[in-house]
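The structure file query_9.pdb is reproduced below (PDB, C-alpha atoms, pLDDT in the B column).
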MODEL        1
ATOM      1  CA  MET N 824      25.723 -12.271  43.000  1.00 88.00           C
ATOM      2  CA  LYS N 825      25.176 -15.977  43.642  1.00 90.00           C
ATOM      3  CA  HIS N 826      23.698 -18.055  40.836  1.00 93.00           C
ATOM      4  CA  THR N 827      22.252 -21.551  41.067  1.00 95.00           C
ATOM      5  CA  ILE N 828      22.749 -23.534  37.886  1.00 95.00           C
ATOM      6  CA  SER N 829      21.123 -26.891  37.177  1.00 95.00           C
ATOM      7  CA  VAL N 830      22.949 -29.012  34.606  1.00 96.00           C
ATOM      8  CA  ILE N 831      21.562 -32.256  33.166  1.00 96.00           C
ATOM      9  CA  VAL N 832      24.433 -34.433  31.947  1.00 96.00           C
ATOM     10  CA  GLU N 833      24.974 -37.960  30.774  1.00 96.00           C
ATOM     11  CA  ASN N 834      25.606 -40.269  33.719  1.00 95.00           C
ATOM     12  CA  LYS N 835      29.097 -41.411  32.689  1.00 94.00           C
ATOM     13  CA  PRO N 836      32.541 -41.564  34.301  1.00 94.00           C
ATOM     14  CA  GLY N 837      34.592 -38.362  33.995  1.00 93.00           C
ATOM     15  CA  VAL N 838      31.692 -35.946  33.475  1.00 94.00           C
ATOM     16  CA  LEU N 839      32.010 -34.363  36.924  1.00 92.00           C
ATOM     17  CA  SER N 840      35.731 -33.894  36.355  1.00 93.00           C
ATOM     18  CA  ARG N 841      35.160 -32.169  33.003  1.00 92.00           C
ATOM     19  CA  VAL N 842      32.502 -29.846  34.441  1.00 93.00           C
ATOM     20  CA  SER N 843      34.551 -28.870  37.504  1.00 90.00           C
ATOM     21  CA  GLY N 844      37.618 -28.430  35.278  1.00 91.00           C
ATOM     22  CA  LEU N 845      35.689 -25.991  33.101  1.00 90.00           C
ATOM     23  CA  PHE N 846      34.969 -23.805  36.148  1.00 90.00           C
ATOM     24  CA  SER N 847      38.565 -24.064  37.328  1.00 88.00           C
ATOM     25  CA  ARG N 848      40.040 -23.117  33.940  1.00 89.00           C
ATOM     26  CA  ARG N 849      37.753 -20.075  33.732  1.00 85.00           C
ATOM     27  CA  GLY N 850      38.684 -18.934  37.254  1.00 88.00           C
ATOM     28  CA  PHE N 851      35.240 -19.451  38.805  1.00 88.00           C
ATOM     29  CA  ASN N 852      34.986 -20.813  42.320  1.00 89.00           C
ATOM     30  CA  ILE N 853      32.235 -23.374  42.856  1.00 92.00           C
ATOM     31  CA  GLU N 854      30.610 -22.488  46.193  1.00 92.00           C
ATOM     32  CA  SER N 855      28.416 -25.586  46.252  1.00 92.00           C
ATOM     33  CA  LEU N 856      28.112 -28.680  44.071  1.00 94.00           C
ATOM     34  CA  ALA N 857      25.634 -31.533  44.422  1.00 94.00           C
ATOM     35  CA  VAL N 858      25.345 -34.376  41.909  1.00 94.00           C
ATOM     36  CA  GLY N 859      23.033 -37.344  41.657  1.00 93.00           C
ATOM     37  CA  THR N 860      21.194 -39.495  39.162  1.00 94.00           C
ATOM     38  CA  THR N 861      17.785 -38.340  37.961  1.00 93.00           C
ATOM     39  CA  GLU N 862      14.547 -40.218  37.365  1.00 95.00           C
ATOM     40  CA  ASP N 863      16.367 -41.539  34.267  1.00 95.00           C
ATOM     41  CA  PRO N 864      19.446 -43.545  35.396  1.00 94.00           C
ATOM     42  CA  THR N 865      21.322 -42.571  32.208  1.00 96.00           C
ATOM     43  CA  MET N 866      21.316 -38.900  33.308  1.00 96.00           C
ATOM     44  CA  SER N 867      22.630 -36.978  36.325  1.00 96.00           C
ATOM     45  CA  ARG N 868      21.653 -33.558  37.624  1.00 96.00           C
ATOM     46  CA  MET N 869      24.342 -31.206  38.907  1.00 95.00           C
ATOM     47  CA  THR N 870      23.280 -28.290  41.059  1.00 96.00           C
ATOM     48  CA  ILE N 871      26.088 -25.741  41.052  1.00 95.00           C
ATOM     49  CA  VAL N 872      26.221 -22.491  43.038  1.00 94.00           C
ATOM     50  CA  VAL N 873      28.692 -19.944  41.713  1.00 93.00           C
ATOM     51  CA  GLU N 874      29.378 -16.254  42.336  1.00 91.00           C
ATOM     52  CA  GLY N 875      29.337 -13.880  39.368  1.00 87.00           C
ATOM     53  CA  ASP N 876      27.451 -11.236  37.428  1.00 90.00           C
ATOM     54  CA  GLU N 877      25.015 -11.801  34.546  1.00 90.00           C
ATOM     55  CA  SER N 878      27.855 -11.761  32.019  1.00 91.00           C
ATOM     56  CA  ASP N 879      29.694 -14.466  33.980  1.00 89.00           C
ATOM     57  CA  LEU N 880      26.517 -16.556  34.145  1.00 90.00           C
ATOM     58  CA  GLU N 881      25.990 -16.280  30.394  1.00 92.00           C
ATOM     59  CA  GLN N 882      29.611 -17.331  29.761  1.00 91.00           C
ATOM     60  CA  ILE N 883      29.324 -20.315  32.140  1.00 92.00           C
ATOM     61  CA  ILE N 884      26.142 -21.538  30.444  1.00 93.00           C
ATOM     62  CA  LYS N 885      27.713 -21.235  26.972  1.00 93.00           C
ATOM     63  CA  GLN N 886      30.805 -23.144  28.126  1.00 92.00           C
ATOM     64  CA  LEU N 887      28.716 -25.883  29.766  1.00 94.00           C
ATOM     65  CA  TYR N 888      26.830 -26.443  26.499  1.00 94.00           C
ATOM     66  CA  LYS N 889      30.173 -26.949  24.715  1.00 92.00           C
ATOM     67  CA  LEU N 890      30.848 -30.050  26.828  1.00 92.00           C
ATOM     68  CA  ILE N 891      29.756 -33.132  24.897  1.00 91.00           C
ATOM     69  CA  ASP N 892      28.045 -34.758  27.910  1.00 94.00           C
ATOM     70  CA  THR N 893      25.851 -31.712  28.698  1.00 95.00           C
ATOM     71  CA  LEU N 894      22.199 -32.198  27.762  1.00 96.00           C
ATOM     72  CA  ARG N 895      20.485 -29.146  29.346  1.00 96.00           C
ATOM     73  CA  VAL N 896      21.443 -26.140  31.473  1.00 96.00           C
ATOM     74  CA  PHE N 897      19.072 -24.006  33.574  1.00 92.00           C
ATOM     75  CA  ASP N 898      19.651 -20.851  35.578  1.00 93.00           C
ATOM     76  CA  LEU N 899      17.477 -21.205  38.691  1.00 93.00           C
ATOM     77  CA  PRO N 900      16.656 -17.796  40.208  1.00 91.00           C
ATOM     78  CA  PRO N 901      15.438 -18.246  43.819  1.00 87.00           C
ATOM     79  CA  ALA N 902      11.893 -17.080  43.005  1.00 89.00           C
ATOM     80  CA  GLU N 903      11.624 -19.737  40.293  1.00 90.00           C
ATOM     81  CA  ALA N 904      13.118 -22.672  42.194  1.00 92.00           C
ATOM     82  CA  VAL N 905      12.505 -24.983  45.116  1.00 92.00           C
ATOM     83  CA  GLU N 906      15.778 -25.158  47.035  1.00 93.00           C
ATOM     84  CA  SER N 907      16.978 -27.293  49.915  1.00 94.00           C
ATOM     85  CA  GLU N 908      20.116 -28.455  51.687  1.00 95.00           C
ATOM     86  CA  LEU N 909      20.873 -31.358  54.008  1.00 96.00           C
ATOM     87  CA  VAL N 910      23.129 -30.878  57.029  1.00 97.00           C
ATOM     88  CA  LEU N 911      24.404 -33.287  59.659  1.00 98.00           C
ATOM     89  CA  VAL N 912      25.716 -31.507  62.746  1.00 98.00           C
ATOM     90  CA  LYS N 913      27.238 -33.123  65.835  1.00 98.00           C
ATOM     91  CA  VAL N 914      26.805 -30.895  68.881  1.00 98.00           C
ATOM     92  CA  ALA N 915      28.500 -31.240  72.266  1.00 97.00           C
ATOM     93  CA  ALA N 916      25.797 -32.269  74.726  1.00 97.00           C
ATOM     94  CA  ASN N 917      25.495 -33.064  78.405  1.00 95.00           C
ATOM     95  CA  GLU N 918      22.686 -33.547  80.921  1.00 93.00           C
ATOM     96  CA  LYS N 919      22.359 -29.781  81.425  1.00 95.00           C
ATOM     97  CA  ASN N 920      21.985 -28.711  77.781  1.00 96.00           C
ATOM     98  CA  ARG N 921      20.470 -31.790  76.090  1.00 96.00           C
ATOM     99  CA  GLN N 922      16.887 -30.522  76.551  1.00 96.00           C
ATOM    100  CA  GLU N 923      17.699 -27.092  75.075  1.00 97.00           C
ATOM    101  CA  ILE N 924      19.363 -28.686  72.037  1.00 97.00           C
ATOM    102  CA  THR N 925      16.297 -30.909  71.603  1.00 97.00           C
ATOM    103  CA  GLN N 926      14.045 -27.827  71.687  1.00 97.00           C
ATOM    104  CA  ILE N 927      16.124 -26.122  68.993  1.00 97.00           C
ATOM    105  CA  ALA N 928      15.876 -29.305  66.914  1.00 97.00           C
ATOM    106  CA  GLU N 929      12.068 -29.225  67.264  1.00 97.00           C
ATOM    107  CA  ILE N 930      11.863 -25.550  66.262  1.00 96.00           C
ATOM    108  CA  TYR N 931      13.876 -26.207  63.083  1.00 97.00           C
ATOM    109  CA  ARG N 932      12.194 -29.578  62.432  1.00 96.00           C
ATOM    110  CA  ALA N 933      15.542 -31.332  62.688  1.00 97.00           C
ATOM    111  CA  LYS N 934      15.789 -35.028  63.495  1.00 97.00           C
ATOM    112  CA  ILE N 935      18.099 -36.326  66.177  1.00 97.00           C
ATOM    113  CA  VAL N 936      19.820 -39.202  64.372  1.00 98.00           C
ATOM    114  CA  ASP N 937      22.426 -40.172  66.979  1.00 97.00           C
ATOM    115  CA  VAL N 938      22.663 -39.848  70.742  1.00 96.00           C
ATOM    116  CA  ALA N 939      25.937 -40.344  72.568  1.00 96.00           C
ATOM    117  CA  GLU N 940      27.096 -39.585  76.079  1.00 95.00           C
ATOM    118  CA  THR N 941      28.800 -36.327  75.064  1.00 97.00           C
ATOM    119  CA  SER N 942      27.005 -35.386  71.841  1.00 97.00           C
ATOM    120  CA  LEU N 943      23.816 -35.260  69.800  1.00 97.00           C
ATOM    121  CA  THR N 944      23.837 -35.517  65.999  1.00 98.00           C
ATOM    122  CA  LEU N 945      21.069 -33.686  64.180  1.00 98.00           C
ATOM    123  CA  GLU N 946      19.856 -33.993  60.603  1.00 98.00           C
ATOM    124  CA  LEU N 947      18.464 -30.732  59.249  1.00 97.00           C
ATOM    125  CA  THR N 948      17.003 -29.933  55.849  1.00 96.00           C
ATOM    126  CA  GLY N 949      15.802 -26.665  54.393  1.00 95.00           C
ATOM    127  CA  GLU N 950      16.738 -23.444  52.688  1.00 92.00           C
ATOM    128  CA  GLU N 951      20.125 -21.906  53.418  1.00 90.00           C
ATOM    129  CA  SER N 952      18.719 -19.249  55.788  1.00 92.00           C
ATOM    130  CA  LYS N 953      16.989 -21.910  57.914  1.00 95.00           C
ATOM    131  CA  VAL N 954      20.147 -24.021  58.041  1.00 95.00           C
ATOM    132  CA  GLU N 955      22.288 -21.005  58.963  1.00 95.00           C
ATOM    133  CA  GLY N 956      19.851 -20.014  61.725  1.00 96.00           C
ATOM    134  CA  ALA N 957      19.948 -23.460  63.305  1.00 97.00           C
ATOM    135  CA  ILE N 958      23.745 -23.668  63.100  1.00 97.00           C
ATOM    136  CA  LYS N 959      24.061 -20.236  64.734  1.00 97.00           C
ATOM    137  CA  LEU N 960      21.896 -21.342  67.683  1.00 97.00           C
ATOM    138  CA  LEU N 961      23.672 -24.686  68.031  1.00 97.00           C
ATOM    139  CA  ALA N 962      27.153 -23.110  67.906  1.00 97.00           C
ATOM    140  CA  LYS N 963      26.922 -21.939  71.533  1.00 97.00           C
ATOM    141  CA  PHE N 964      26.945 -25.595  72.664  1.00 97.00           C
ATOM    142  CA  GLY N 965      30.045 -26.401  70.605  1.00 97.00           C
ATOM    143  CA  ILE N 966      29.856 -27.930  67.163  1.00 98.00           C
ATOM    144  CA  LYS N 967      32.072 -31.022  67.052  1.00 98.00           C
ATOM    145  CA  GLU N 968      31.508 -31.869  63.385  1.00 98.00           C
ATOM    146  CA  LEU N 969      29.411 -30.550  60.529  1.00 97.00           C
ATOM    147  CA  VAL N 970      28.802 -31.665  56.946  1.00 97.00           C
ATOM    148  CA  ARG N 971      26.581 -30.057  54.301  1.00 94.00           C
ATOM    149  CA  THR N 972      25.357 -31.423  50.976  1.00 91.00           C
ATOM    150  CA  GLY N 973      25.262 -28.020  49.354  1.00 89.00           C
ATOM    151  CA  LYS N 974      22.178 -26.655  47.685  1.00 92.00           C
ATOM    152  CA  ILE N 975      19.941 -28.812  45.537  1.00 93.00           C
ATOM    153  CA  ALA N 976      17.208 -27.183  43.486  1.00 93.00           C
ATOM    154  CA  LEU N 977      14.444 -27.824  40.955  1.00 92.00           C
ATOM    155  CA  GLN N 978      12.506 -25.399  38.829  1.00 91.00           C
ATOM    156  CA  ARG N 979       9.050 -24.607  40.252  1.00 90.00           C
ATOM    157  CA  GLY N 980       5.906 -25.865  38.555  1.00 86.00           C
ATOM    158  CA  SER N 981       5.772 -27.987  35.431  1.00 74.00           C
ATOM    159  CA  ALA N 982       8.755 -26.335  33.700  1.00 62.00           C
ATOM    160  CA  GLY N 983      11.992 -28.261  33.316  1.00 57.00           C
TER     161      GLY N 983
ENDMDL
END
Translate the structure described by the file into structure tokens.
Amino acid sequence: MKHTISVIVENKPGVLSRVSGLFSRRGFNIESLAVGTTEDPTMSRMTIVVEGDESDLEQIIKQLYKLIDTLRVFDLPPAEAVESELVLVKVAANEKNRQEITQIAEIYRAKIVDVAETSLTLELTGEESKVEGAIKLLAKFGIKELVRTGKIALQRGSAG
């Protein structure tokens, strides 16, 4: 089962390395990792997606709290979180298919951020299922390049 973990850490050099090393030493593969400063520039939020059962999740949380730079750790079940991902995708385009690609972009509320003679680059944000759906439709045109931020998430409501 996939788990989304939000970790508030001190915004200092080496923290990311220590956190990723913890996962590596314990044999857990990080499926997605996004890090950025919070509303307080002395803290960063890490959103980590990892595969494991409830026992694995409990162990990960305990280990994260043992790191000196860790301030708070949250498990973010999908029903209790607002989740999103940012994707840039460069699609092969020509005069014949440019309109169809533009229509797909409109359906998925993607922005066309670059137009070239042989490609269109789209910026897409949303939940993983939305992103996957758009990529699947765009794949038939030929995806030249693709980059994803990985999932970012916040707890719903006033909690957190």
Output the residue selection produced by the PyMOL selection byres ((chain N and resi 960) around 12) on the file above, formatted as an mmCIF file with C-alpha atoms, in the coordinates of the input.
data_model
loop_
_atom_site.group_PDB
_atom_site.id
_atom_site.type_symbol
_atom_site.label_atom_id
_atom_site.label_comp_id
_atom_site.auth_asym_id
_atom_site.auth_seq_id
_atom_site.Cartn_x
_atom_site.Cartn_y
_atom_site.Cartn_z
ATOM 1 C CA VAL N 912 25.716 -31.507 62.746
ATOM 2 C CA VAL N 914 26.805 -30.895 68.881
ATOM 3 C CA GLU N 923 17.699 -27.092 75.075
ATOM 4 C CA ILE N 924 19.363 -28.686 72.037
ATOM 5 C CA THR N 925 16.297 -30.909 71.603
ATOM 6 C CA GLN N 926 14.045 -27.827 71.687
ATOM 7 C CA ILE N 927 16.124 -26.122 68.993
ATOM 8 C CA ALA N 928 15.876 -29.305 66.914
ATOM 9 C CA ILE N 930 11.863 -25.550 66.262
ATOM 10 C CA TYR N 931 13.876 -26.207 63.083
ATOM 11 C CA LYS N 953 16.989 -21.910 57.914
ATOM 12 C CA VAL N 954 20.147 -24.021 58.041
ATOM 13 C CA GLU N 955 22.288 -21.005 58.963
ATOM 14 C CA GLY N 956 19.851 -20.014 61.725
ATOM 15 C CA ALA N 957 19.948 -23.460 63.305
ATOM 16 C CA ILE N 958 23.745 -23.668 63.100
ATOM 17 C CA LYS N 959 24.061 -20.236 64.734
ATOM 18 C CA LEU N 961 23.672 -24.686 68.031
ATOM 19 C CA ALA N 962 27.153 -23.110 67.906
ATOM 20 C CA LYS N 963 26.922 -21.939 71.533
ATOM 21 C CA PHE N 964 26.945 -25.595 72.664
ATOM 22 C CA GLY N 965 30.045 -26.401 70.605
ATOM 23 C CA ILE N 966 29.856 -27.930 67.163
#
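In terms of minimum interatomic distance to N:Asp879, N:Lys825 ranks closest within N:Lys934, N:Lys825, N:Arg979, N:Lys835, counting all atoms listed in the file.
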Given the choices N:Ile891, N:Leu977, N:Val938, N:Leu947, which gets closest to N:Gly837 if the distance is worked out from all atoms listed in the file?
-> N:Ile891
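Between atom CA of N:Val970 and atom CA of N:Val873 there is a distance of 19.2 Å.
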Contacts of N:Ala976 at 9 Å (only C-alpha atoms; same-chain gap of 5+ positions) as a JSON list (two decimals) with C-alpha atoms, in the frame of the given file:
[["chain", "number", "residue", "atom", "x", "y", "z"],
["N", 827, "THR", "CA", 22.25, -21.55, 41.07],
["N", 828, "ILE", "CA", 22.75, -23.53, 37.89],
["N", 829, "SER", "CA", 21.12, -26.89, 37.18],
["N", 870, "THR", "CA", 23.28, -28.29, 41.06],
["N", 899, "LEU", "CA", 17.48, -21.20, 38.69],
["N", 904, "ALA", "CA", 13.12, -22.67, 42.19],
["N", 905, "VAL", "CA", 12.50, -24.98, 45.12],
["N", 906, "GLU", "CA", 15.78, -25.16, 47.04],
["N", 907, "SER", "CA", 16.98, -27.29, 49.92],
["N", 908, "GLU", "CA", 20.12, -28.46, 51.69]]
Extending 4 Å beyond the listed atoms of stretch 898-909 of chain N on each side, what axis-aligned box results? I want centre and edge lengths in Å to one decimal, as AutoDock Vina command-line options.
--center_x 16.2 --center_y -24.2 --center_z 44.8 --size_x 17.2 --size_y 22.3 --size_z 26.4
Expanded to explicit residues, what is the PyMOL selection byres ((chain N and resi 856) around 9) for this file, as a list of chain:residue names?
-> N:Ile853, N:Glu854, N:Ser855, N:Ala857, N:Val858, N:Met869, N:Thr870, N:Ile871, N:Val872, N:Thr972, N:Gly973, N:Lys974, N:Ile975
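Residue nearest N:Thr941, chosen from N:Arg921, N:Arg895, N:Arg971, N:His826 and counting all atoms listed in the file: N:Arg921.
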Please write as a list in words the full residue list that the PyMOL selection byres ((chain N and resi 892) around 9) yields on this file.
-> Ile831, Val832, Glu833, Asn834, Lys835, Val838, Tyr888, Lys889, Leu890, Ile891, Thr893 and Leu894 of chain N
Calculate how many Å separate atom CA of N:Phe897 from atom CA of N:Pro836, rounding to one decimal.
->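 According to the coordinates, atom CA of N:Phe897 and atom CA of N:Pro836 are separated by 22.1 Å.
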In Å, rounded to a single decimal, give me how far atom CA of N:Leu909 is from atom CA of N:Glu968.
-> 14.2 Å
Proximity to N:Glu877 - best of N:Met824, N:Val830, N:Leu945, N:Leu845, all atoms listed in the file =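 Under the stated criterion, the closest residue is N:Met824.
Distances to N:Val842 were evaluated for N:Gln922, N:Thr948, N:Gln886, N:Gln978 using only C-alpha atoms, and the minimum falls at N:Gln886.
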Between N:Phe851, N:Lys913, N:Lys885, N:Arg868, which one has atoms that come closest to N:Leu839, using all atoms listed in the file?
->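 Of the candidates, the smallest distance to N:Leu839 is held by N:Arg868.
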